Amino acid sequence: MIRKLFLFVIAAIISQMAAAQGVLQVTDLTNPNDVYPNDDNNGVVVVKCNKSIPLSFESSMDKTADPYNIESEGNDCVYYIEFPTGNKYRGRVLSIIAAGYTKVDVELDVKPRGAITLLVVDPNSMVDAGCYRGHRNKGMDEIKKMNYDEAKNHFMLASMCSDCDTLENNVNLALVDSLIILREEADKAYKILDYREAVRLYEHIVELNPYDTFAGNRYNITMNKYAQECQSLFNQAEFYYKEKYFDKADELYQRVIDYKCMNEGQAMIKHQQIQRSITMKQNHSRLFTYEYMKDAPIGISTGSYHSKRTGGFFALNFNKKVFEMMRNNCKVPDMPEASVSFGWTRKIVSPVWVFFGPGFTTKFYYGNYKPLNGERTVWPGIDGKPNGTLDGEVDDKKVNVGWAISPVVGLCVKYSYFAIRFSYQYRFAMESNLKDFIGKQRFTIGVGLAY
């Protein structure tokens, strides 16, 4: 009899202890679009629970189930637990443990790079103190379902609860208001075919609410249409550019830039080229002149003379004997000559520019001449008669050449459509005994047009 009474007392105590244990409710809030990017193909389990109920975890297949991160989200703690994935982990059971509550076992199927979200609540505490949490959770759930007006109603009701977290609720109200306004503006932009603006707005909606599949689908559609429109504008601009209709091309390139298209960089380069060309025309930066030089009276020069940056020039001088040489029709005393120079231009003060750069000069003569002595060679005289003595018979078809490095420096005066150039050329003969023949220096004058 005493033994039976003892067993009855023990059973009563155990029953009371079991009744004293609280019960946790676990809700799966996982969305198929949730991902967990990482290099090891692991998955993550995200557990949310009120801060008043600290949690710990155990796994049936892992040595540890300790969270790698715990964050605070309003009145909740959010636990992040990373798990390896694969066939050998099928059937994994996660045990959720809290002091004063019965342990809850949840069977998990964690996918590679997948994310599972669980909400843990005490359903009994919601009866007396769960007004705010209940409406907040329902509001967040309506946001996931894209029912923004319903979500706002729940947040408005939550603001009237005695346990309202005012700061968190205001953030939620601002979020849902933003989503409502963005959806209206995005739909309006889509209807009037403003794809650039629609892309921006739908993208913003998805950033705020990754569960908004409508906005995600619209984003993909408008992005394709936006890309097609950008490519069409760019192709038209390229056509007009090739056909030299620069004003029309520049207008289209500017639209590509304003629309922030993918080929914005290419359009910007072409736009800058067109603007530079327009500026050069307005400032008459291009120059073309006729150049006169002693022994090489046929000359031209062309170049760019900018107002605010460095330009470049090219000059060529020669005499008509060069043409005879090309026809193999030269003989004593012909002396074909050609000189080339190029370099840089820079404005000093309006309307004066300086130019400078390297050059190269060649001068030819015909015949076979013998030095008067062993120290120097005497070249044909101006009248074509040799100053030296003939070495045997005259070979008046034999061509000889002398050449020199001939740097140049000068000034250019440019006003409106007219320009004049003065340059000094120093000649450094590569063979010292040719310096008198080639000449030590030359002056050049040029006149022409600025356009």
# chains A, B, ... in the order shown; residues from 1 in each chain; ligands from 1
>>> select_by_dssp(residues="range 109-150 of chain A", states="alpha helix (DSSP H)", output="MDAnalysis selection string")
chainID A and resid 125:129 131:144 148:150
>>> residues_around(residues="range 44-54 of chain A", least_positions_apart="6", cutoff="7 Å", atoms="only C-alpha atoms", output="PyMOL selection string")
chain A and resi 36+75-83+98+114-121
>>> select_by_dssp(residues="range 8-113 of chain A", states="strand (DSSP E or B)", output="PyMOL selection string")
chain A and resi 22+25-28+35+43-50+56-59+69-73+76-83+93-97+101+104-107
>>> closest_residue(among="A:Ile181, A:Val206, A:Leu94, A:Cys131", to="Leu157 in chain A", atoms="only C-alpha atoms")
A:Cys131
>>> closest_residue(among="A:Val322, A:Leu201, A:Val399, A:Val409", to="Gly359 in chain A", atoms="only C-alpha atoms")
A:Val409
>>> residues_around(residues="range 332-347 of chain A", least_positions_apart="3", cutoff="8 Å", atoms="only C-alpha atoms", output="number ranges by chain")
A: 295-296, 304-322, 325, 350-367, 380, 383-385, 396-397, 406-408
>>> decode(residues="range 65-95 of chain A", atoms="N, CA, C and O atoms", output="compact mmCIF listing (two decimals), in the first residue's frame")
# COMPACT_ATOMS: atom_id res chain seq x y z
N ALA A 65 25.89 22.65 -33.51
CA ALA A 65 24.90 23.44 -34.23
C ALA A 65 24.90 24.86 -33.67
O ALA A 65 23.86 25.52 -33.59
N ASP A 66 26.08 25.33 -33.27
CA ASP A 66 26.18 26.67 -32.72
C ASP A 66 26.04 27.72 -33.82
O ASP A 66 26.62 27.57 -34.90
N PRO A 67 25.27 28.77 -33.60
CA PRO A 67 25.14 29.84 -34.60
C PRO A 67 26.48 30.53 -34.84
O PRO A 67 27.25 30.75 -33.91
N TYR A 68 26.73 30.85 -36.11
CA TYR A 68 27.94 31.61 -36.42
C TYR A 68 27.70 33.11 -36.30
O TYR A 68 28.64 33.90 -36.31
N ASN A 69 26.42 33.50 -36.16
CA ASN A 69 26.11 34.92 -36.01
C ASN A 69 24.75 35.05 -35.33
O ASN A 69 23.84 34.25 -35.59
N ILE A 70 24.64 36.03 -34.45
CA ILE A 70 23.37 36.33 -33.79
C ILE A 70 23.14 37.84 -33.91
O ILE A 70 23.98 38.63 -33.50
N GLU A 71 22.00 38.20 -34.50
CA GLU A 71 21.69 39.60 -34.70
C GLU A 71 20.43 39.99 -33.95
O GLU A 71 19.59 39.14 -33.63
N SER A 72 20.28 41.27 -33.71
CA SER A 72 19.08 41.81 -33.07
C SER A 72 18.21 42.46 -34.12
O SER A 72 18.69 43.26 -34.93
N GLU A 73 16.94 42.10 -34.14
CA GLU A 73 15.99 42.64 -35.12
C GLU A 73 14.73 43.04 -34.37
O GLU A 73 13.82 42.24 -34.16
N GLY A 74 14.65 44.28 -33.93
CA GLY A 74 13.53 44.72 -33.11
C GLY A 74 13.55 44.01 -31.77
O GLY A 74 14.52 44.05 -31.01
N ASN A 75 12.43 43.32 -31.45
CA ASN A 75 12.35 42.56 -30.21
C ASN A 75 12.84 41.12 -30.37
O ASN A 75 12.77 40.33 -29.43
N ASP A 76 13.32 40.79 -31.57
CA ASP A 76 13.73 39.43 -31.87
C ASP A 76 15.24 39.28 -31.89
O ASP A 76 15.97 40.22 -32.17
N CYS A 77 15.66 38.05 -31.61
CA CYS A 77 17.02 37.61 -31.89
C CYS A 77 16.98 36.74 -33.14
O CYS A 77 16.07 35.91 -33.30
N VAL A 78 17.94 36.94 -34.03
CA VAL A 78 18.00 36.15 -35.26
C VAL A 78 19.30 35.33 -35.21
O VAL A 78 20.39 35.89 -35.11
N TYR A 79 19.13 34.00 -35.27
CA TYR A 79 20.27 33.08 -35.18
C TYR A 79 20.57 32.54 -36.58
O TYR A 79 19.67 32.09 -37.30
N TYR A 80 21.86 32.55 -36.96
CA TYR A 80 22.30 32.03 -38.26
C TYR A 80 23.19 30.81 -38.02
O TYR A 80 24.24 30.91 -37.39
N ILE A 81 22.73 29.64 -38.52
CA ILE A 81 23.45 28.38 -38.33
C ILE A 81 23.79 27.81 -39.70
O ILE A 81 22.91 27.60 -40.54
N GLU A 82 25.07 27.57 -39.96
CA GLU A 82 25.53 27.03 -41.24
C GLU A 82 25.68 25.52 -41.15
O GLU A 82 26.21 24.99 -40.17
N PHE A 83 25.19 24.80 -42.19
CA PHE A 83 25.28 23.34 -42.22
C PHE A 83 25.85 22.89 -43.55
O PHE A 83 25.54 23.47 -44.60
N PRO A 84 26.67 21.82 -43.54
CA PRO A 84 27.08 21.20 -44.79
C PRO A 84 25.89 20.49 -45.43
O PRO A 84 24.93 20.12 -44.75
N THR A 85 25.96 20.29 -46.73
CA THR A 85 24.84 19.67 -47.45
C THR A 85 25.31 18.45 -48.22
O THR A 85 26.50 18.19 -48.34
N GLY A 86 24.37 17.70 -48.74
CA GLY A 86 24.69 16.50 -49.52
C GLY A 86 23.77 15.36 -49.13
O GLY A 86 22.98 15.42 -48.16
N ASN A 87 23.87 14.26 -49.88
CA ASN A 87 22.98 13.12 -49.65
C ASN A 87 23.15 12.50 -48.26
O ASN A 87 22.19 12.02 -47.66
N LYS A 88 24.37 12.54 -47.75
CA LYS A 88 24.61 11.89 -46.45
C LYS A 88 23.97 12.65 -45.30
O LYS A 88 23.92 12.14 -44.17
N TYR A 89 23.51 13.87 -45.55
CA TYR A 89 22.89 14.66 -44.48
C TYR A 89 21.37 14.65 -44.57
O TYR A 89 20.70 15.43 -43.88
N ARG A 90 20.81 13.80 -45.43
CA ARG A 90 19.36 13.72 -45.51
C ARG A 90 18.80 13.15 -44.20
O ARG A 90 19.36 12.21 -43.64
N GLY A 91 17.70 13.73 -43.77
CA GLY A 91 17.10 13.28 -42.51
C GLY A 91 17.64 14.01 -41.30
O GLY A 91 17.35 13.62 -40.16
N ARG A 92 18.42 15.09 -41.52
CA ARG A 92 18.95 15.85 -40.39
C ARG A 92 17.79 16.43 -39.56
O ARG A 92 16.82 16.96 -40.10
N VAL A 93 17.93 16.34 -38.24
CA VAL A 93 16.94 16.88 -37.32
C VAL A 93 17.61 17.95 -36.47
O VAL A 93 18.64 17.71 -35.84
N LEU A 94 17.02 19.15 -36.46
CA LEU A 94 17.51 20.25 -35.64
C LEU A 94 16.66 20.33 -34.38
O LEU A 94 15.43 20.42 -34.45
N SER A 95 17.30 20.27 -33.23
CA SER A 95 16.60 20.40 -31.95
C SER A 95 16.73 21.82 -31.45
O SER A 95 17.83 22.37 -31.35
